[in-house]
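coords-v3.txt follows (compact mmCIF, C-alpha atoms):
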```
# COMPACT_ATOMS: atom_id res chain seq x y z
CA GLY R 225 124.50 150.66 99.63
CA PRO R 226 124.26 154.31 100.48
CA ALA R 227 124.98 156.65 97.57
CA LEU R 228 126.29 160.20 97.29
CA ALA R 229 124.32 162.46 99.63
CA GLN R 230 124.19 166.23 99.28
CA SER R 231 122.96 168.61 101.98
CA SER R 232 122.25 172.33 102.06
CA ALA R 233 125.54 174.19 101.66
CA PRO R 234 127.05 177.47 100.45
CA THR R 235 127.43 177.49 96.67
CA SER R 236 131.22 177.87 97.02
CA LEU R 237 131.54 174.42 98.63
CA SER R 238 131.89 171.41 96.34
CA LEU R 239 132.93 167.83 97.00
CA THR R 240 133.51 164.83 94.77
CA VAL R 241 134.38 161.48 96.32
CA ALA R 242 135.29 158.20 94.58
CA PRO R 243 134.81 155.33 94.94
CA LEU R 244 131.64 155.20 97.02
CA VAL R 245 131.86 151.41 97.50
CA VAL R 246 134.98 149.59 98.71
CA GLU R 247 135.37 145.79 98.83
CA PHE R 248 137.76 144.00 101.18
CA HIS R 249 138.51 140.27 101.44
CA ALA R 250 140.36 140.19 104.74
CA GLY R 251 140.24 137.55 107.44
CA ALA R 252 141.54 137.31 110.99
CA GLY R 253 144.92 139.03 111.33
CA ASP R 254 144.76 140.47 107.79
CA ALA R 255 144.83 144.07 106.59
CA GLY R 256 143.65 145.75 103.41
CA THR R 257 143.98 149.25 101.99
CA ALA R 258 142.01 151.12 99.33
CA THR R 259 142.53 154.59 97.85
CA VAL R 260 139.74 157.17 98.13
CA THR R 261 139.99 160.32 96.00
CA VAL R 262 138.46 163.62 97.17
CA HIS R 263 138.22 166.72 94.97
CA ASN R 264 137.31 170.33 95.73
CA GLY R 265 135.48 171.66 92.69
CA GLY R 266 134.48 174.90 94.40
CA THR R 267 135.98 178.38 94.54
CA GLU R 268 137.01 178.42 98.22
CA PRO R 269 139.29 176.28 100.39
CA GLU R 270 137.44 173.63 102.39
CA ARG R 271 138.13 171.20 105.19
CA ILE R 272 137.39 167.51 104.50
CA ILE R 273 136.33 165.56 107.58
CA ALA R 274 135.94 161.75 107.58
CA LEU R 275 133.71 160.22 110.27
CA ARG R 276 133.29 156.49 110.89
CA MET R 277 129.73 155.21 110.58
CA ASP R 278 127.51 152.15 110.40
CA TRP R 279 124.48 151.94 108.14
CA LYS R 280 121.37 149.88 107.54
CA VAL R 281 119.00 149.38 104.60
CA ALA R 282 115.27 149.13 105.43
CA ALA R 283 112.89 146.72 103.68
CA ASP R 284 111.70 149.53 101.37
CA GLY R 285 115.26 150.30 100.27
CA THR R 286 115.84 153.48 102.27
CA VAL R 287 119.25 153.84 103.88
CA ARG R 288 119.85 154.96 107.46
CA VAL R 289 123.28 156.18 108.60
CA GLU R 290 124.04 155.01 112.15
CA GLN R 291 126.60 155.49 114.88
CA PRO R 292 129.71 153.25 114.72
CA ASP R 293 129.10 149.76 116.14
CA ALA R 294 125.30 150.15 115.83
CA GLU R 295 125.21 147.04 113.61
CA GLY R 296 126.77 144.89 116.33
CA LYS R 297 128.52 141.74 115.13
CA ALA R 298 128.02 142.76 111.47
CA SER R 299 130.03 145.97 111.98
CA ILE R 300 133.72 146.45 111.19
CA SER R 301 133.77 150.12 112.19
CA ASP R 302 136.28 149.50 115.00
CA TYR R 303 138.82 148.25 112.46
CA LEU R 304 138.45 150.93 109.75
CA ARG R 305 140.45 154.13 109.52
CA MET R 306 140.82 156.94 107.00
CA GLU R 307 144.14 158.78 106.76
CA PRO R 308 144.33 161.67 106.80
CA GLY R 309 140.89 162.08 108.38
CA ASP R 310 140.98 165.89 108.47
CA VAL R 311 142.53 167.68 105.50
CA VAL R 312 142.19 171.10 103.82
CA LEU R 313 141.74 171.25 100.05
CA ALA R 314 142.46 174.33 97.98
CA PRO R 315 140.04 175.21 95.15
CA GLY R 316 140.47 172.64 92.39
CA GLU R 317 142.72 170.42 94.51
CA THR R 318 142.50 166.63 94.49
CA ARG R 319 143.89 164.41 97.27
CA GLU R 320 144.14 160.70 97.85
CA LEU R 321 143.15 159.27 101.24
CA ALA R 322 143.98 155.77 102.49
CA LEU R 323 141.03 153.69 103.69
CA THR R 324 142.46 150.82 105.75
CA LEU R 325 140.88 147.74 107.31
CA ASP R 326 143.04 146.06 109.98
CA LEU R 327 141.51 142.96 111.59
CA PRO R 328 142.81 141.47 114.83
CA ALA R 329 143.99 137.86 115.04
CA ALA R 330 140.96 137.13 117.26
CA PHE R 331 138.48 138.15 114.54
CA PRO R 332 135.90 135.39 113.78
CA LEU R 333 137.02 132.81 111.23
CA ALA R 334 133.54 131.79 110.04
CA THR R 335 132.44 132.64 106.49
CA ALA R 336 130.47 135.89 106.67
CA VAL R 337 130.02 139.40 105.28
CA TYR R 338 130.64 142.52 107.39
CA HIS R 339 130.12 146.21 106.64
CA SER R 340 130.64 149.78 107.87
CA GLY R 341 131.99 152.94 106.24
CA PHE R 342 132.75 156.64 106.46
CA LEU R 343 130.78 159.85 106.11
CA VAL R 344 133.02 162.32 104.26
CA ARG R 345 131.99 165.97 104.58
CA ALA R 346 133.28 169.32 103.29
CA VAL R 347 132.98 172.32 105.63
CA PRO R 348 134.40 175.86 105.57
CA VAL R 349 137.94 176.17 106.90
CA THR R 350 136.76 178.92 109.25
CA GLY R 351 135.08 176.38 111.55
CA HIS R 352 133.11 173.18 111.95
CA VAL R 353 129.46 173.56 110.93
CA ASN R 354 126.52 171.21 110.53
CA PHE R 355 126.11 171.69 106.80
CA GLY R 356 128.11 171.05 103.69
CA PRO R 357 128.21 168.62 100.79
CA ALA R 358 128.81 165.06 101.96
CA ALA R 359 129.21 161.54 100.61
CA THR R 360 128.96 158.13 102.21
CA ILE R 361 131.66 155.55 101.50
CA VAL R 362 130.45 152.03 102.27
CA ALA R 363 132.94 149.27 102.96
CA TYR R 364 132.28 145.53 102.80
CA ASP R 365 134.53 142.77 104.08
CA THR R 366 133.90 139.22 102.92
CA VAL R 367 135.48 136.45 104.98
CA GLY R 368 135.74 133.15 103.15
CA ALA R 369 133.61 132.41 100.09
CA PRO R 370 129.92 132.65 101.05
CA ALA R 371 127.51 131.25 98.46
CA SER R 372 125.46 133.90 96.67
CA HIS R 373 121.83 133.28 95.77
CA ALA R 374 118.65 135.33 95.57
CA LYS R 375 115.12 134.63 94.40
CA LEU R 376 112.12 136.59 93.16
CA THR R 377 109.10 135.63 95.25
CA GLN R 378 106.49 138.04 93.90
CA LEU R 379 105.97 140.15 90.78
CA HIS R 380 102.87 142.27 90.34
CA VAL R 381 102.09 145.07 87.87
CA THR R 382 99.03 147.34 88.00
CA SER R 383 97.79 150.38 86.08
CA PRO R 384 96.84 152.90 88.80
CA ALA R 385 96.15 155.76 86.37
CA ALA R 386 95.75 156.38 82.67
CA GLY R 387 99.00 155.89 80.76
CA SER R 388 100.89 154.46 83.73
CA ALA R 389 101.92 151.18 85.30
CA MET R 390 103.34 150.33 88.74
CA LEU R 391 105.68 147.36 89.07
CA SER R 392 106.17 145.77 92.48
CA ALA R 393 108.58 142.88 93.07
CA ARG R 394 109.77 141.13 96.21
CA LEU R 395 113.38 139.90 96.20
CA VAL R 396 114.75 137.58 98.89
CA ASN R 397 118.42 136.84 99.56
CA ASP R 398 118.48 133.18 100.56
CA GLY R 399 122.26 132.85 100.16
CA ALA R 400 125.10 133.46 102.60
CA GLY R 401 126.70 136.35 100.71
CA TYR R 402 125.30 139.81 100.10
CA ALA R 403 123.57 140.85 96.89
CA ARG R 404 123.99 144.21 95.17
CA SER R 405 121.41 143.85 92.43
CA THR R 406 120.18 145.56 89.30
CA GLY R 407 116.74 145.06 87.81
CA ARG R 408 116.06 145.29 84.08
CA ILE R 409 112.42 146.06 83.23
CA VAL R 410 111.17 145.37 79.70
CA LEU R 411 107.65 146.10 78.46
CA ARG R 412 106.52 144.75 75.11
CA ARG R 413 103.38 145.63 73.19
CA ASP R 414 102.43 143.60 70.11
CA GLY R 415 105.90 142.07 70.20
CA HIS R 416 107.71 145.42 70.17
CA ILE R 417 109.80 146.74 73.06
CA VAL R 418 108.43 150.05 74.31
CA VAL R 419 110.24 150.23 77.68
CA ASP R 420 113.74 148.97 78.49
CA GLU R 421 115.13 150.37 81.74
CA THR R 422 117.67 149.22 84.33
CA ASP R 423 117.57 150.31 87.99
CA SER R 424 119.84 149.57 90.92
CA ILE R 425 118.38 147.82 93.98
CA PRO R 426 119.81 148.57 97.47
CA VAL R 427 122.02 145.90 98.96
CA LEU R 428 120.48 142.76 100.41
CA PHE R 429 122.33 140.89 103.15
CA ALA R 430 121.75 137.19 103.87
CA ASN R 431 118.17 136.34 104.90
CA GLU R 432 116.88 139.82 104.05
CA ALA R 433 114.03 140.74 101.71
CA ARG R 434 113.47 143.85 99.62
CA VAL R 435 110.39 145.28 97.91
CA PHE R 436 111.34 146.93 94.60
CA ASN R 437 108.79 149.41 93.24
CA ARG R 438 109.03 151.17 89.89
CA ALA R 439 106.53 153.58 88.31
CA LEU R 440 106.31 153.65 84.50
CA THR R 441 104.57 156.52 82.74
CA GLY R 442 103.82 157.73 79.23
CA LEU R 443 102.33 154.41 78.12
CA ALA R 444 99.64 154.12 75.47
CA PRO R 445 96.49 152.22 76.51
CA GLY R 446 96.62 148.51 75.77
CA ALA R 447 97.99 145.12 76.83
CA TYR R 448 101.69 144.75 77.69
CA ASP R 449 103.96 141.81 78.41
CA VAL R 450 106.24 142.65 81.34
CA SER R 451 109.56 141.03 82.27
CA LEU R 452 111.88 141.78 85.18
CA ALA R 453 115.41 140.34 85.11
CA ILE R 454 117.44 140.56 88.33
CA ASP R 455 121.24 140.39 88.28
CA TYR R 456 122.40 139.85 91.88
CA GLY R 457 126.02 139.09 91.08
CA GLY R 458 125.55 135.32 91.26
CA PRO R 459 125.99 132.64 88.61
CA THR R 460 122.48 133.06 87.15
CA LEU R 461 119.93 135.75 86.40
CA ILE R 462 116.46 135.74 87.96
CA GLU R 463 113.58 136.51 85.63
CA GLY R 464 109.87 136.99 86.24
CA THR R 465 107.16 137.70 83.67
CA THR R 466 103.59 138.95 83.85
CA GLU R 467 101.05 141.05 81.94
CA VAL R 468 99.33 144.38 82.52
CA GLN R 469 96.43 146.19 80.88
CA VAL R 470 97.23 149.89 80.80
CA ARG R 471 94.26 152.21 80.92
```
Would you mind giving the structure from this file in structure tokens?
Amino acid sequence: GPALAQSSAPTSLSLTVAPLVVEFHAGAGDAGTATVTVHNGGTEPERIIALRMDWKVAADGTVRVEQPDAEGKASISDYLRMEPGDVVLAPGETRELALTLDLPAAFPLATAVYHSGFLVRAVPVTGHVNFGPAATIVAYDTVGAPASHAKLTQLHVTSPAAGSAMLSARLVNDGAGYARSTGRIVLRRDGHIVVDETDSIPVLFANEARVFNRALTGLAPGAYDVSLAIDYGGPTLIEGTTEVQVR
């Protein structure tokens, strides 16, 4: 999901927020609460404002913050609250906020995954402005026990320039749950590992696909064996292998 986002701000403003991802397992008529910690690491007092939001991940992995309820039936923004939602922190002060999900008895009973969240922003105490360090907190609610499964449908590696390789993989979520994945890329030359890197892949909801691109540089010319292992949080790992000739 969305990660920590910083915007242009006076150097005296500082904001640390944790956690950035909150998981609920609440059904109709249930409630759940999580603790969110905010910290002012700057030299001036600051006001912390929490705004409800929806969000969406595009096929290329970019994240778009949206107005509450923009995600329709997938949104739980109407049932989320942050308390207190407007608080002043002194320099060096840390506070705990309560993030609560409260579902009505009429909420759907079917197995499904829902999401929404909050945009948490620090602004000067002298007034509300359109800048300041900010973080997005994404919240998931899983109703029931949806089966998790994903598959790798394409893996292609090219050498677009001397000493470099470009990996492109297409991942499809064909399960009912959501997948927050990591991809481990390993390059071997003459049986020796020369690259071993792990990257996070933006969340995939059921029936969605994602194209994962990764540029690798500083490679000596020659033939490489390439493997990509995907951990999507399910019972198995997905692995694809191929070869590339680096110029």
Legend entry - Residue nearest R:Asp449 among R:Val246, R:Val381, R:Leu428, R:Ile300 (counting only C-alpha atoms):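 Closest to R:Asp449, using only C-alpha atoms: R:Val381.
In this comparison, which uses all atoms listed in the file, the residue of R:Gly356, R:Pro308, R:Gly296, R:Gly368 approaching R:Gly251 most closely is R:Gly368.
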Inset, instruction - Work out how far apart atom CA of R:Ala274 and atom CA of R:Asp423 are and give it in Å to one decimal. - result: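 For atom CA of R:Ala274 relative to atom CA of R:Asp423, the distance reads 29.2 Å.
Excluding R:Gly399 and any residue on its chain fewer than 2 positions from it, the residues at most 10 Å away by only C-alpha atoms are Pro370, Ala371, Ser372, His373, Ala374, Lys375, Val396, Asn397, Gly401, Tyr402, Ala403, Phe429, Ala430, Asn431, Glu432 and Gly458 of chain R.
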Inset, instruction - Show me as number ranges by chain the residues that reach within 12 Å of (138.7, 161.7, 105.3), counting only C-alpha atoms and using the file's own coordinates. - result: R: 239, 241-242, 259-263, 271-276, 304-313, 319-324, 341-346, 358-361
Could you dump the residues just selected with C-alpha atoms as a tab-separated table (two decimals), in the frame of the given file?
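See out.tsv below for the written result:
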```tsv
chain	number	residue	atom	x	y	z
R	239	LEU	CA	132.93	167.83	97.00
R	241	VAL	CA	134.38	161.48	96.32
R	242	ALA	CA	135.29	158.20	94.58
R	259	THR	CA	142.53	154.59	97.85
R	260	VAL	CA	139.74	157.17	98.13
R	261	THR	CA	139.99	160.32	96.00
R	262	VAL	CA	138.46	163.62	97.17
R	263	HIS	CA	138.22	166.72	94.97
R	271	ARG	CA	138.13	171.20	105.19
R	272	ILE	CA	137.39	167.51	104.50
R	273	ILE	CA	136.33	165.56	107.58
R	274	ALA	CA	135.94	161.75	107.58
R	275	LEU	CA	133.71	160.22	110.27
R	276	ARG	CA	133.29	156.49	110.89
R	304	LEU	CA	138.45	150.93	109.75
R	305	ARG	CA	140.45	154.13	109.52
R	306	MET	CA	140.82	156.94	107.00
R	307	GLU	CA	144.14	158.78	106.76
R	308	PRO	CA	144.33	161.67	106.80
R	309	GLY	CA	140.89	162.08	108.38
R	310	ASP	CA	140.98	165.89	108.47
R	311	VAL	CA	142.53	167.68	105.50
R	312	VAL	CA	142.19	171.10	103.82
R	313	LEU	CA	141.74	171.25	100.05
R	319	ARG	CA	143.89	164.41	97.27
R	320	GLU	CA	144.14	160.70	97.85
R	321	LEU	CA	143.15	159.27	101.24
R	322	ALA	CA	143.98	155.77	102.49
R	323	LEU	CA	141.03	153.69	103.69
R	324	THR	CA	142.46	150.82	105.75
R	341	GLY	CA	131.99	152.94	106.24
R	342	PHE	CA	132.75	156.64	106.46
R	343	LEU	CA	130.78	159.85	106.11
R	344	VAL	CA	133.02	162.32	104.26
R	345	ARG	CA	131.99	165.97	104.58
R	346	ALA	CA	133.28	169.32	103.29
R	358	ALA	CA	128.81	165.06	101.96
R	359	ALA	CA	129.21	161.54	100.61
R	360	THR	CA	128.96	158.13	102.21
R	361	ILE	CA	131.66	155.55	101.50
```
Inset, instruction - To one decimal in Å, tell me the separation between atom CA of R:Asp254 and atom CA of R:Ala400. - result: 21.5 Å
Inset, instruction - Fewer than 3 positions away in the same chain doesn't count, so skip those; otherwise give me all residues within 8 Å of R:Ala363, counting only C-alpha atoms, as a ChimeraX atom specification. - result: /R:245-248,339-341
Inset, instruction - Can you work out the spacing between atom CA of R:Arg471 and atom CA of R:Ser388 in Å, to one decimal? - result: 7.5 Å
Inset, instruction - Between R:Pro332, R:Ala258, R:Val289, R:Leu440, single out the one closest to R:Asp420, counting only C-alpha atoms. - result: R:Leu440
Legend entry - Distance query 10 Å from (119.5, 151.8, 105.7) using only C-alpha atoms, result as a list of chain:residue names: R:Gly225, R:Pro226, R:Asp278, R:Trp279, R:Lys280, R:Val281, R:Ala282, R:Ala283, R:Asp284, R:Gly285, R:Thr286, R:Val287, R:Arg288, R:Val289, R:Glu290, R:Pro426, R:Val427
Inset, instruction - Please provide as a ChimeraX atom specification all residues within 10 Å of R:Leu237, with the sequence filter that same-chain residues fewer than 2 positions apart are discarded (counting all atoms listed in the file). - result: /R:233-235,239,264-271,315,346-348,356-357
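Closest to R:Arg394 among R:Ala439, R:Leu452, R:Ala433, R:Leu461 is R:Ala433, based on all atoms listed in the file.
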Inset, instruction - Find the residues near R:Ala369: any atom within 10 Å, counting all atoms listed in the file, skip ones fewer than 4 places away on the same chain, and give them as an MDAnalysis selection string. - result: chainID R and resid 249 334:337 400:401
Legend entry - Contacts of R:Ala389 within 9 Å, all atoms listed in the file, excl. fewer than 3 positions in-chain, as a PyMOL selection string: chain R and resi 381-386+438-441+443+468-471
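Closest to R:Tyr448 among R:Val418, R:Leu244, R:Ile462, R:Leu379 is R:Val418, based on all atoms listed in the file.
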Inset, instruction - Give the answer as one residue: which of R:Gly253, R:Gly387, R:Gly407, R:Gly446 has the shortest atom-to-atom distance to R:Glu463, using only C-alpha atoms? - result: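 For R:Glu463, the nearest of the candidates is R:Gly407.
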